[in-house]
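S.K.: This structure is in structure tokens; I'll ask about it shortly.
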Amino acid sequence: MERPFPYKLIATDLDGTLLRSDESVSQRTRDAVAAATAAGAAHIVVTGRAVPWTRHILDDLGYEGLAVCGQGAQVYHAGEHRLLTSVTLDRQLAGLALSKVEAEIGPLALAASRDGIDGEVLVGPGYQVQEGPLPVRFFEDPAELWSAPLNKVYLQHPEYDDDALAAITRQVVGSLVDVVMAGAGVVELLPLGLSKATGLSLAARRLGCKAADTIAFGDMPNDIPMFGWAEHGVAMANAHDELKAVAHEITASNEDDGIAVVLEELLQGR
């Protein structure tokens, strides 16, 4: 008689983790996730992307469950195309934080993610957007950045790399906002206390799951809180060194079906 799958919840980041570089999910990984869910686990996507930048991927996967988006700010029901919860950034506090950072290191290039299921991503002068299908709207007037509720603000600096910018920003304004490095060119300001862990814990409660029931997969420092919450954290081979340092296990890269490697081993061990 087969034993139950050892985890009730499988939490996966998207970029650099579940997704390959072309934003696809391999058939092997699809099959492994399907087998694990057939064995009794629930799969939940936990991504830094806000809902508008996530929906098309979830729809393509045929994913109908809950998804934690926007670094934990949003819990989204993919099957119903409905936003269940959303946390916004205090715009006055964010403006104060930015002024303090710029006083320390000079002008920043800015972008921001507006709240809501159809929230736009605004991109300001000098901000370098990664190529791809993700929709953005460019702005020139700084006042436009603050004209509607936001989930997060993105920062770039002409001289400091991502790790240095995140470290300096955290040192200067870490008491006002949370600061995460979520990918190449992606340093973010978030509401203080918000993380993938807070969003995941909220969604897990809706699914009747606990931290002790959860295995989590990720690749970037913004996944550190999720690893701290989950029973078992698995870093991809392509993961940032900061995440590898706190992972319980390191698997193959996102290009080499790292999630499938672990899930297949767990399925075989039943």
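Scheme for the structure tokens: letters A, B, ... for chains in order shown; per-chain residue numbers from 1; ligand numbers from 1 in order shown.
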Run DSSP on the backbone of this structure and report the residues of segment 11-90 of chain A it assigns to strand (DSSP E), as a list in words.

M.R.: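 These are the residues in question: Ala11, Thr12, Ala42, His43, Ile44, Val45, Val46, Leu66, Ala67, Val68, Cys69, Gln74, Val75, Tyr76, His77, Arg82, Leu83, Leu84, Thr85 and Ser86 of chain A.
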
S.K.: So which residues touch segment 213-226 of chain A within 8 Å, counting only C-alpha atoms, skipping near sequence neighbours fewer than 6 positions away, as a ChimeraX atom specification?

M.R.: /A:6-14,16-17,48,71,180-183,195-197,200,232-236,238-240,242-243,246,259

S.K.: Rounded to one decimal place, report the atom CA of Val101 of chain A-atom CA of Ile168 of chain A distance in Å.

M.R.: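 Atom-to-atom, atom CA of Val101 of chain A and atom CA of Ile168 of chain A are spaced 8.0 Å apart.
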
S.K.: Nearest to Phe227 of chain A: which of A:Val46, A:Val25, A:Ala78, A:Leu263 is it, counting only C-alpha atoms?

M.R.: A:Val46

S.K.: Need the shell around segment 30-37 of chain A: protein/DNA/RNA residues with any atom at most 12 Å away, counting only C-alpha atoms. Skip same-chain ones fewer than 4 positions apart. Format as a CSV table (one decimal) with C-alpha atoms, in the first residue's frame?

M.R.:
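Resulting contents of out.csv:
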chain,number,residue,atom,x,y,z
A,4,PRO,CA,0.6,9.5,1.3
A,5,PHE,CA,2.7,12.1,-0.4
A,6,PRO,CA,4.9,13.6,2.4
A,7,TYR,CA,3.7,17.2,1.9
A,8,LYS,CA,0.2,18.6,1.6
A,9,LEU,CA,1.3,21.8,-0.1
A,10,ILE,CA,3.9,22.4,-2.9
A,11,ALA,CA,4.7,26.1,-3.2
A,12,THR,CA,6.6,27.1,-6.3
A,18,LEU,CA,8.9,26.6,-12.3
A,19,LEU,CA,9.4,28.5,-15.5
A,24,SER,CA,7.4,27.7,-20.5
A,25,VAL,CA,7.0,24.7,-18.1
A,26,SER,CA,8.5,21.5,-19.4
A,41,ALA,CA,-0.8,17.5,-2.5
A,42,ALA,CA,-2.0,20.9,-3.5
A,43,HIS,CA,0.2,23.1,-5.7
A,44,ILE,CA,0.3,26.8,-5.2
A,45,VAL,CA,2.2,29.4,-7.2
A,60,ASP,CA,-1.6,28.7,-20.2
A,61,LEU,CA,-0.9,26.0,-17.5
A,62,GLY,CA,-4.6,25.4,-16.9
A,63,TYR,CA,-3.9,26.4,-13.3
A,65,GLY,CA,-6.1,27.1,-7.8
A,215,ILE,CA,7.7,22.1,0.6
A,257,ASP,CA,13.6,20.3,-14.4
A,258,GLY,CA,14.8,20.8,-10.8
A,259,ILE,CA,11.3,20.7,-9.4
A,260,ALA,CA,10.5,17.5,-11.2
A,261,VAL,CA,13.7,15.9,-9.8
A,262,VAL,CA,12.7,16.4,-6.2
A,263,LEU,CA,9.0,15.6,-6.7
A,264,GLU,CA,9.8,12.4,-8.6
A,265,GLU,CA,12.1,11.3,-5.7
A,266,LEU,CA,9.4,12.0,-3.2
A,267,LEU,CA,6.8,10.0,-5.2
A,268,GLN,CA,9.2,7.1,-5.6
A,270,ARG,CA,6.2,6.5,-1.0

S.K.: In segment 57-92 of chain A, what's helix (DSSP H, G or I) per DSSP? Answer as a ChimeraX atom specification?

M.R.: /A:57-61,70-72,91-92

S.K.: Find the spatial neighbours of Glu120 of chain A, counting only C-alpha atoms, within a cut-off of 9 Å - ignore same-chain residues fewer than 3 positions away - and output them as a ChimeraX atom specification.

M.R.: /A:52,112-116,135-137

S.K.: Only all heavy atoms, please: the residues just picked out, written as a compact mmCIF listing (two decimals), in the first residue's frame.

M.R.:
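What landed in again23.txt:
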# COMPACT_ATOMS: atom_id res chain seq x y z
N PRO A 52 -1.60 40.97 -12.92
CA PRO A 52 -1.65 41.18 -14.37
C PRO A 52 -0.48 40.55 -15.12
O PRO A 52 -0.61 40.23 -16.30
CB PRO A 52 -1.62 42.71 -14.50
CG PRO A 52 -2.16 43.21 -13.22
CD PRO A 52 -1.67 42.25 -12.19
N ALA A 112 6.56 51.18 -10.95
CA ALA A 112 5.63 50.80 -9.88
C ALA A 112 4.53 49.92 -10.44
O ALA A 112 4.16 50.00 -11.61
CB ALA A 112 5.03 52.04 -9.24
N SER A 113 4.02 49.06 -9.56
CA SER A 113 2.92 48.17 -9.91
C SER A 113 1.65 48.66 -9.23
O SER A 113 1.58 48.69 -8.00
CB SER A 113 3.25 46.74 -9.46
OG SER A 113 2.19 45.87 -9.72
N ARG A 114 0.68 49.05 -10.04
CA ARG A 114 -0.59 49.51 -9.48
C ARG A 114 -1.44 48.34 -8.99
O ARG A 114 -1.37 47.24 -9.52
CB ARG A 114 -1.37 50.32 -10.53
CG ARG A 114 -0.84 51.73 -10.69
CD ARG A 114 -1.69 52.57 -11.61
NE ARG A 114 -1.30 53.97 -11.54
CZ ARG A 114 -1.73 54.90 -12.38
NH1 ARG A 114 -2.56 54.57 -13.38
NH2 ARG A 114 -1.35 56.15 -12.25
N ASP A 115 -2.25 48.62 -7.98
CA ASP A 115 -3.07 47.59 -7.37
C ASP A 115 -4.20 47.16 -8.30
O ASP A 115 -4.62 47.91 -9.18
CB ASP A 115 -3.64 48.12 -6.06
CG ASP A 115 -4.38 47.06 -5.27
OD1 ASP A 115 -3.88 45.92 -5.22
OD2 ASP A 115 -5.45 47.35 -4.72
N GLY A 116 -4.68 45.94 -8.09
CA GLY A 116 -5.86 45.48 -8.80
C GLY A 116 -5.57 44.39 -9.81
O GLY A 116 -4.43 44.19 -10.23
N PRO A 135 3.12 43.78 -20.20
CA PRO A 135 2.68 45.13 -20.57
C PRO A 135 3.12 46.19 -19.56
O PRO A 135 3.03 45.97 -18.35
CB PRO A 135 1.15 45.01 -20.58
CG PRO A 135 0.87 43.92 -19.58
CD PRO A 135 2.01 42.95 -19.67
N VAL A 136 3.60 47.30 -20.04
CA VAL A 136 3.97 48.42 -19.18
C VAL A 136 3.47 49.71 -19.81
O VAL A 136 3.15 49.76 -21.00
CB VAL A 136 5.50 48.53 -18.98
CG1 VAL A 136 6.06 47.27 -18.33
CG2 VAL A 136 6.22 48.79 -20.29
N ARG A 137 3.38 50.76 -18.99
CA ARG A 137 3.03 52.08 -19.50
C ARG A 137 4.07 53.07 -19.00
O ARG A 137 4.35 53.14 -17.81
CB ARG A 137 1.63 52.51 -19.04
CG ARG A 137 1.21 53.87 -19.62
CD ARG A 137 -0.28 54.05 -19.55
NE ARG A 137 -0.76 54.20 -18.19
CZ ARG A 137 -0.74 55.33 -17.49
NH1 ARG A 137 -0.20 56.43 -18.03
NH2 ARG A 137 -1.23 55.40 -16.28

S.K.: Return the single residue from A:Ser147, A:Ser175, A:Ser21, A:Gln128 that is closest to Ala109 of chain A, with distances computed using only C-alpha atoms.

M.R.: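 Ranked by minimum distance to Ala109 of chain A, first place goes to A:Gln128.
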
S.K.: Let me make sure I understand: among A:Gly72, A:Leu58, A:Arg20, A:Arg49, which one has the smallest atom-to-atom distance to Ala203 of chain A if we use only C-alpha atoms?

M.R.: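 Among the listed residues, A:Gly72 lies closest to Ala203 of chain A.
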
S.K.: Can you measure atom CA of Gly95 of chain A to atom CA of Trp146 of chain A for me? One decimal in Å is fine.

M.R.: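 Separation between atom CA of Gly95 of chain A and atom CA of Trp146 of chain A: 8.5 Å.
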
S.K.: Neighbours of Glu104 of chain A within 9 Å (only C-alpha atoms; same-chain residues fewer than 4 positions away dropped), as an MDAnalysis selection string?

M.R.: chainID A and resid 99:100 168 172

S.K.: Could you tell me how far atom CA of Glu64 of chain A sits from atom CA of His248 of chain A, in Å to one decimal place?

M.R.: 28.9 Å

S.K.: Excluding same-chain residues fewer than 6 positions from Gly106 of chain A, what lies within 12 Å of it counting only C-alpha atoms, as number ranges by chain?

M.R.: A: 98-100, 156-160, 165, 168-169

S.K.: Would you save the residues of that selection, restricted to N, CA and C atoms, as a compact mmCIF listing (two decimals), in the first residue's frame?

M.R.:
# COMPACT_ATOMS: atom_id res chain seq x y z
N LEU A 98 11.93 56.88 -0.64
CA LEU A 98 12.68 57.17 -1.86
C LEU A 98 13.52 58.43 -1.70
N SER A 99 12.97 59.45 -1.07
CA SER A 99 13.71 60.69 -0.88
C SER A 99 14.94 60.47 0.00
N LYS A 100 14.81 59.61 1.00
CA LYS A 100 15.94 59.30 1.88
C LYS A 100 17.02 58.53 1.12
N GLN A 156 16.01 51.22 -9.61
CA GLN A 156 17.28 50.93 -10.27
C GLN A 156 18.19 52.13 -10.08
N HIS A 157 19.49 51.88 -10.14
CA HIS A 157 20.48 52.93 -9.96
C HIS A 157 21.52 52.80 -11.07
N PRO A 158 22.01 53.92 -11.60
CA PRO A 158 22.95 53.83 -12.72
C PRO A 158 24.31 53.24 -12.37
N GLU A 159 24.65 53.20 -11.09
CA GLU A 159 25.98 52.73 -10.70
C GLU A 159 25.96 51.47 -9.84
N TYR A 160 25.01 51.36 -8.94
CA TYR A 160 24.99 50.22 -8.01
C TYR A 160 24.28 49.03 -8.64
N LEU A 165 22.40 47.84 -4.31
CA LEU A 165 21.27 48.76 -4.18
C LEU A 165 20.30 48.27 -3.11
N ILE A 168 21.95 48.84 0.42
CA ILE A 168 21.97 50.25 0.83
C ILE A 168 20.56 50.72 1.16
N THR A 169 19.61 50.37 0.31
CA THR A 169 18.22 50.80 0.53
C THR A 169 17.68 50.23 1.84

S.K.: Quick one: of A:Ala211, A:Leu202, A:Leu110, A:Val123, who's nearest to Thr85 of chain A, counting only C-alpha atoms?

M.R.: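 Among A:Ala211, A:Leu202, A:Leu110, A:Val123, it is A:Leu202 that comes nearest to Thr85 of chain A.
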
S.K.: Closest to Arg28 of chain A among A:Leu108, A:Gly269, A:Asn254, A:His56, using only C-alpha atoms?

M.R.: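 Ranked by minimum distance to Arg28 of chain A, first place goes to A:Asn254.
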
S.K.: Could you check which of A:Ile57, A:Ala97, A:Leu122, A:Val129 is closest to Asp178 of chain A, using only C-alpha atoms?

M.R.: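 Checking each candidate against Asp178 of chain A, we get A:Ala97 as the closest.
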